[in-house]
Amino acid sequence: MMQSSPFNFRRAVIWVGRLVLGGIFIYAGYAKLTMGMHPHPPLGVALSFFALQVDSYQILPSWGVKFVANTLPFAEVGLGLLLLIGWRFRIWATLVSLIMLGFFAAVVRSYAMGLQINCGCFANPEPLTIKTVFRDGLLAALAVVMTIFAFMEARKPHPWATPEKASS
Amino acid sequence: MVIQEDRVNCRRVLAGSLFAVLCSLSCVLLATADARQSVGGVSDVDFHKAFGSKTAPITMEVFSDFQCPACKSFYNGTNRQLMDNYVSTGKIFLIHRDFPLPVHAYSRVAARYGRAAAEIGKFEPVEQVLFQNQEKWEQTGDVDGTVAGVLSANEMAKVRALVKGGTLDTAIDRDQALGQGYHVNQTPTSIIHFKGQTYPVAGVITYDILKQFLDQLLSQK
């Protein structure tokens with residue numbers, strides 16, 4: 001009975017993950033598209049400015065930088081919304097985990113190489129520091145744990161399902 | 001009685017005229033000072049270290065350190081193409097700012113030589129030789145010898161006199177203070193100004209990606 005309670009630890013973590021990561025993804029994508037400016041700059045300016053931030057990591061070739069810069073902000077907003085809505089949750093949670101792990105790897109690499117660049121995480125230029133590394137690490141860990149718990153919970157009957165339905 | 005009134009009036013007219021002349025003079029002086037120091041909304045421009053047209057739609061400040069390897073990379077990979085395709089065509093007004101980092105032993109010395117060379121109109125060759133020979137002079141500290149390689153004996157004498165004069169540090173400090181105003185804490189950092197907006201970019205940027213951004217800005221005209 002306790003196992004199938006809607007308020008167990010795993011479900012709490014999943015809910016926290018959905019709210020935190022969903023909110024952050026929507027904000028991060030929106031901030032990249034508007035650059036936090038009023039009035040908002042044209043989309044082309046915002047995306048090409050974000051490309052400069054991606055380029056400063058010195059990981060991707062020019063075509064890769066352009067691809068990431070032109071798709072990531074939209075993907076972040078979309079994934080954030082999907083996390084909050086919860087539709088096909090495990091698929092999107094897996095994707096968010098992979099993206100977060102990618103961010104974390106990029107940040108750790110740049111920090112280890114001593115690249116003194118801006119994080120490019122949100123609208124405001126934010127220097128990449130050890131604080132950024134820890135923050136991204138925590139968010140990546142939350143995304144991974146949330147995804148694992150989501151798969152574990154999916155194997156169990158839904159807490160609100162009737163016993164007959166659950167057993168059938 | 002009438003004579004006294006005339007004298008008073010005469011004094012008033014004289015005082016008024018003097019005030020008007022002083023005001024006009026101040027306005028002219030202030031306007032001249034602004035024209036000398038402010039371009040594209042950017043203040044304190046040293047024209048010895050700035051390139052391109054003052055009426056260019058984009059103004060770009062590059063905070064750089066002669067001893068920083070990333071600055072060398074930026075100079076070789078991006079800056080030259082930027083000069084050829086945007087600065088010389090009147091699209092960008094490029095300002096070089098000194099930002100010698102304290103972790104580099106000879107950064108400030110190199111900045112002094114760069115600024116001295118700028119004052120005699122020889123910044124470009126000195127900038128080039130300092131970046132191209134960065135690995136050599138950062139080992140030996142021989143900035144003077146490196147700069148002497150591209151200047152004539154007469155020019156070098158002027159540069160040495162300026163460096164020894166000890167007045168260049170004030171200008172370097174002023175550039176650094178400007179950088180701190182933009183929260184610059186790394187080199188190279190480029191501050192791009194366009195239509196009253198400021199776009200800061202830290203680190204080395206590929207020319208291809210920078211071009212895309214600049215073209216987007218210019219397409220807004």
# chains A, B, ... in the order shown; residues from 1 in each chain; ligands from 1
>>> residues_around(residues="stretch 50-53 of chain B", least_positions_apart="5", cutoff="8 Å", atoms="only C-alpha atoms", output="PyMOL selection string")
chain B and resi 45+87-96
>>> write_last_selection(atoms="N, CA, C and O atoms", output="PDB file, in the first residue's frame")
ATOM      1  N   VAL B  45      37.708  57.307 -26.454  1.00  0.00           N
ATOM      2  CA  VAL B  45      38.332  56.605 -27.582  1.00  0.00           C
ATOM      3  C   VAL B  45      39.687  57.228 -27.878  1.00  0.00           C
ATOM      4  O   VAL B  45      39.787  58.439 -28.070  1.00  0.00           O
ATOM      5  N   VAL B  87      36.239  46.488 -41.210  1.00  0.00           N
ATOM      6  CA  VAL B  87      36.796  47.778 -40.769  1.00  0.00           C
ATOM      7  C   VAL B  87      37.164  48.634 -41.975  1.00  0.00           C
ATOM      8  O   VAL B  87      36.747  49.792 -42.073  1.00  0.00           O
ATOM      9  N   SER B  88      37.875  48.040 -42.923  1.00  0.00           N
ATOM     10  CA  SER B  88      38.312  48.840 -44.085  1.00  0.00           C
ATOM     11  C   SER B  88      37.142  49.184 -45.009  1.00  0.00           C
ATOM     12  O   SER B  88      37.266  50.073 -45.840  1.00  0.00           O
ATOM     13  N   THR B  89      36.030  48.501 -44.857  1.00  0.00           N
ATOM     14  CA  THR B  89      34.866  48.805 -45.708  1.00  0.00           C
ATOM     15  C   THR B  89      33.886  49.758 -45.009  1.00  0.00           C
ATOM     16  O   THR B  89      32.788  50.002 -45.514  1.00  0.00           O
ATOM     17  N   GLY B  90      34.285  50.241 -43.832  1.00  0.00           N
ATOM     18  CA  GLY B  90      33.461  51.257 -43.154  1.00  0.00           C
ATOM     19  C   GLY B  90      32.277  50.709 -42.380  1.00  0.00           C
ATOM     20  O   GLY B  90      31.377  51.458 -42.011  1.00  0.00           O
ATOM     21  N   LYS B  91      32.262  49.390 -42.134  1.00  0.00           N
ATOM     22  CA  LYS B  91      31.121  48.809 -41.415  1.00  0.00           C
ATOM     23  C   LYS B  91      31.358  48.766 -39.900  1.00  0.00           C
ATOM     24  O   LYS B  91      30.413  48.727 -39.126  1.00  0.00           O
ATOM     25  N   ILE B  92      32.633  48.710 -39.530  1.00  0.00           N
ATOM     26  CA  ILE B  92      32.960  48.616 -38.095  1.00  0.00           C
ATOM     27  C   ILE B  92      34.027  49.645 -37.741  1.00  0.00           C
ATOM     28  O   ILE B  92      34.990  49.827 -38.483  1.00  0.00           O
ATOM     29  N   PHE B  93      33.826  50.269 -36.592  1.00  0.00           N
ATOM     30  CA  PHE B  93      34.868  51.116 -36.009  1.00  0.00           C
ATOM     31  C   PHE B  93      35.470  50.286 -34.866  1.00  0.00           C
ATOM     32  O   PHE B  93      34.780  49.970 -33.893  1.00  0.00           O
ATOM     33  N   LEU B  94      36.715  49.875 -35.048  1.00  0.00           N
ATOM     34  CA  LEU B  94      37.343  48.939 -34.111  1.00  0.00           C
ATOM     35  C   LEU B  94      38.276  49.672 -33.149  1.00  0.00           C
ATOM     36  O   LEU B  94      39.149  50.427 -33.581  1.00  0.00           O
ATOM     37  N   ILE B  95      38.073  49.434 -31.863  1.00  0.00           N
ATOM     38  CA  ILE B  95      38.902  50.097 -30.846  1.00  0.00           C
ATOM     39  C   ILE B  95      39.683  49.026 -30.078  1.00  0.00           C
ATOM     40  O   ILE B  95      39.085  48.080 -29.560  1.00  0.00           O
ATOM     41  N   HIS B  96      40.986  49.197 -30.034  1.00  0.00           N
ATOM     42  CA  HIS B  96      41.817  48.283 -29.245  1.00  0.00           C
ATOM     43  C   HIS B  96      41.905  48.820 -27.823  1.00  0.00           C
ATOM     44  O   HIS B  96      42.234  49.984 -27.617  1.00  0.00           O
TER      45      HIS B  96
END
>>> interface_residues(of="chain A", to="chain B", cutoff="10 Å", atoms="only C-alpha atoms", output="PyMOL selection string")
chain A and resi 35+37+41-58+61-63+65-66+115-120+124-127
>>> write_last_selection(atoms="N, CA, C and O atoms", output="short mmCIF file (atom, residue, chain, number, x, y, z; two decimals), in the first residue's frame")
data_model
loop_
_atom_site.label_atom_id
_atom_site.label_comp_id
_atom_site.auth_asym_id
_atom_site.auth_seq_id
_atom_site.Cartn_x
_atom_site.Cartn_y
_atom_site.Cartn_z
N MET A 35 17.25 37.45 -25.47
CA MET A 35 18.48 38.05 -24.93
C MET A 35 18.20 38.93 -23.72
O MET A 35 19.03 39.78 -23.37
N MET A 37 16.37 41.39 -23.51
CA MET A 37 16.35 42.81 -23.90
C MET A 37 14.92 43.27 -24.15
O MET A 37 14.07 42.48 -24.56
N PRO A 41 15.30 41.80 -29.46
CA PRO A 41 16.00 41.96 -30.75
C PRO A 41 15.41 40.97 -31.77
O PRO A 41 14.75 40.01 -31.38
N PRO A 42 15.65 41.21 -33.07
CA PRO A 42 15.17 40.23 -34.06
C PRO A 42 15.73 38.84 -33.76
O PRO A 42 16.83 38.72 -33.23
N LEU A 43 14.96 37.83 -34.14
CA LEU A 43 15.35 36.44 -33.84
C LEU A 43 16.73 36.10 -34.40
O LEU A 43 17.52 35.42 -33.75
N GLY A 44 17.00 36.58 -35.62
CA GLY A 44 18.29 36.30 -36.26
C GLY A 44 19.45 36.82 -35.43
O GLY A 44 20.49 36.15 -35.31
N VAL A 45 19.28 38.00 -34.83
CA VAL A 45 20.33 38.59 -34.00
C VAL A 45 20.52 37.75 -32.74
O VAL A 45 21.65 37.42 -32.36
N ALA A 46 19.41 37.37 -32.12
CA ALA A 46 19.48 36.58 -30.87
C ALA A 46 20.16 35.23 -31.12
O ALA A 46 21.03 34.81 -30.35
N LEU A 47 19.78 34.56 -32.21
CA LEU A 47 20.36 33.24 -32.49
C LEU A 47 21.83 33.34 -32.88
O LEU A 47 22.64 32.51 -32.45
N SER A 48 22.17 34.36 -33.65
CA SER A 48 23.59 34.49 -34.05
C SER A 48 24.44 34.94 -32.86
O SER A 48 25.62 34.62 -32.78
N PHE A 49 23.83 35.68 -31.92
CA PHE A 49 24.57 36.05 -30.70
C PHE A 49 24.80 34.81 -29.84
O PHE A 49 25.89 34.62 -29.29
N PHE A 50 23.78 33.95 -29.75
CA PHE A 50 23.95 32.71 -28.99
C PHE A 50 25.02 31.83 -29.65
O PHE A 50 25.79 31.15 -28.96
N ALA A 51 25.09 31.89 -30.99
CA ALA A 51 26.12 31.12 -31.70
C ALA A 51 27.52 31.53 -31.25
O ALA A 51 28.43 30.69 -31.14
N LEU A 52 27.70 32.82 -30.95
CA LEU A 52 29.01 33.29 -30.47
C LEU A 52 29.36 32.64 -29.14
O LEU A 52 30.51 32.27 -28.89
N GLN A 53 28.33 32.49 -28.28
CA GLN A 53 28.58 31.86 -26.96
C GLN A 53 28.93 30.37 -27.14
O GLN A 53 29.83 29.86 -26.50
N VAL A 54 28.21 29.71 -28.05
CA VAL A 54 28.48 28.28 -28.30
C VAL A 54 29.88 28.12 -28.87
O VAL A 54 30.64 27.23 -28.48
N ASP A 55 30.24 29.02 -29.78
CA ASP A 55 31.54 28.96 -30.45
C ASP A 55 32.69 29.12 -29.46
O ASP A 55 33.75 28.52 -29.61
N SER A 56 32.46 29.95 -28.42
CA SER A 56 33.55 30.22 -27.47
C SER A 56 33.95 28.97 -26.67
O SER A 56 35.03 28.93 -26.11
N TYR A 57 33.11 27.93 -26.66
CA TYR A 57 33.48 26.67 -25.99
C TYR A 57 34.54 25.91 -26.78
O TYR A 57 35.16 24.98 -26.27
N GLN A 58 34.72 26.25 -28.05
CA GLN A 58 35.73 25.64 -28.93
C GLN A 58 35.60 24.12 -28.98
O GLN A 58 36.60 23.39 -28.88
N PRO A 61 32.65 22.38 -34.79
CA PRO A 61 33.01 23.14 -35.99
C PRO A 61 31.91 24.17 -36.29
O PRO A 61 30.83 24.11 -35.70
N SER A 62 32.16 25.05 -37.24
CA SER A 62 31.22 26.14 -37.53
C SER A 62 29.80 25.64 -37.81
O SER A 62 28.82 26.19 -37.30
N TRP A 63 29.69 24.56 -38.63
CA TRP A 63 28.34 24.08 -38.98
C TRP A 63 27.64 23.53 -37.73
O TRP A 63 26.43 23.70 -37.56
N VAL A 65 28.20 24.56 -34.60
CA VAL A 65 27.85 25.72 -33.78
C VAL A 65 26.53 26.32 -34.28
O VAL A 65 25.61 26.61 -33.50
N LYS A 66 26.43 26.47 -35.60
CA LYS A 66 25.21 27.06 -36.19
C LYS A 66 24.01 26.17 -35.93
O LYS A 66 22.91 26.67 -35.61
N LEU A 115 39.42 27.77 -19.94
CA LEU A 115 38.82 28.75 -20.87
C LEU A 115 38.02 29.75 -20.06
O LEU A 115 37.15 29.35 -19.28
N GLN A 116 38.34 31.00 -20.23
CA GLN A 116 37.61 32.02 -19.48
C GLN A 116 36.56 32.62 -20.39
O GLN A 116 36.81 33.60 -21.10
N ILE A 117 35.41 31.95 -20.39
CA ILE A 117 34.34 32.34 -21.31
C ILE A 117 33.05 32.55 -20.53
O ILE A 117 32.99 32.25 -19.34
N ASN A 118 32.06 33.04 -21.25
CA ASN A 118 30.75 33.14 -20.63
C ASN A 118 30.02 31.81 -20.80
O ASN A 118 30.19 31.13 -21.81
N CYS A 119 29.21 31.48 -19.81
CA CYS A 119 28.51 30.20 -19.82
C CYS A 119 27.54 30.10 -21.00
O CYS A 119 27.43 29.05 -21.63
N GLY A 120 26.84 31.18 -21.31
CA GLY A 120 25.85 31.14 -22.39
C GLY A 120 24.59 30.39 -21.98
O GLY A 120 23.79 30.01 -22.82
N ASN A 124 21.89 36.76 -19.68
CA ASN A 124 22.97 37.63 -19.24
C ASN A 124 24.32 36.92 -19.34
O ASN A 124 24.41 35.74 -19.02
N PRO A 125 25.35 37.66 -19.78
CA PRO A 125 26.67 37.05 -19.82
C PRO A 125 27.11 36.66 -18.41
O PRO A 125 27.18 37.52 -17.53
N GLU A 126 27.36 35.39 -18.22
CA GLU A 126 27.69 34.89 -16.88
C GLU A 126 29.01 34.13 -16.98
O GLU A 126 29.06 33.13 -17.70
N PRO A 127 30.07 34.59 -16.33
CA PRO A 127 31.36 33.89 -16.46
C PRO A 127 31.26 32.43 -15.99
O PRO A 127 30.54 32.14 -15.03
#
>>> residues_around(residues="stretch 130-140 of chain A", least_positions_apart="6", cutoff="9 Å", atoms="only C-alpha atoms", output="PyMOL selection string")
chain A and resi 17+20-21+96-105+107-108+111+119
>>> select_by_dssp(residues="stretch 37-148 of chain A", states="alpha helix (DSSP H)", output="MDAnalysis selection string")
chainID A and resid 43:55 62:85 89:113 130:148
>>> residues_around(residues="B:Ala118", least_positions_apart="5", cutoff="9 Å", atoms="only C-alpha atoms", output="list of chain:residue names")
B:Phe47, B:His48, B:Lys49, B:Tyr113, B:Phe123, B:Glu124, B:Val126
>>> select_by_dssp(residues="stretch 38-108 of chain B", states="strand (DSSP E)", output="list in words")
Ala50, Phe51, Ile58, Thr59, Met60, Glu61, Val62, Phe63, Ser64, Ile92, Phe93, Leu94, Ile95, His96, Arg97 and Asp98 of chain B
>>> write_last_selection(atoms="C-alpha atoms", output="JSON list (two decimals), in the first residue's frame")
[["chain", "number", "residue", "atom", "x", "y", "z"],
["B", 50, "ALA", "CA", 41.18, 52.80, -33.24],
["B", 51, "PHE", "CA", 40.58, 51.78, -36.84],
["B", 58, "ILE", "CA", 28.96, 49.11, -35.52],
["B", 59, "THR", "CA", 31.56, 50.01, -32.90],
["B", 60, "MET", "CA", 33.58, 47.17, -31.47],
["B", 61, "GLU", "CA", 35.92, 47.37, -28.50],
["B", 62, "VAL", "CA", 38.41, 44.53, -28.09],
["B", 63, "PHE", "CA", 39.92, 44.16, -24.62],
["B", 64, "SER", "CA", 43.19, 42.38, -25.19],
["B", 92, "ILE", "CA", 32.96, 48.62, -38.09],
["B", 93, "PHE", "CA", 34.87, 51.12, -36.01],
["B", 94, "LEU", "CA", 37.34, 48.94, -34.11],
["B", 95, "ILE", "CA", 38.90, 50.10, -30.85],
["B", 96, "HIS", "CA", 41.82, 48.28, -29.25],
["B", 97, "ARG", "CA", 41.68, 48.37, -25.44],
["B", 98, "ASP", "CA", 44.52, 47.36, -23.14]]
>>> atom_distance(atom1="atom CA of A:Arg88", atom2="atom CA of A:Phe149")
14.6 Å
>>> atom_distance(atom1="atom CA of A:Ser110", atom2="atom CA of A:Ile59")
9.1 Å
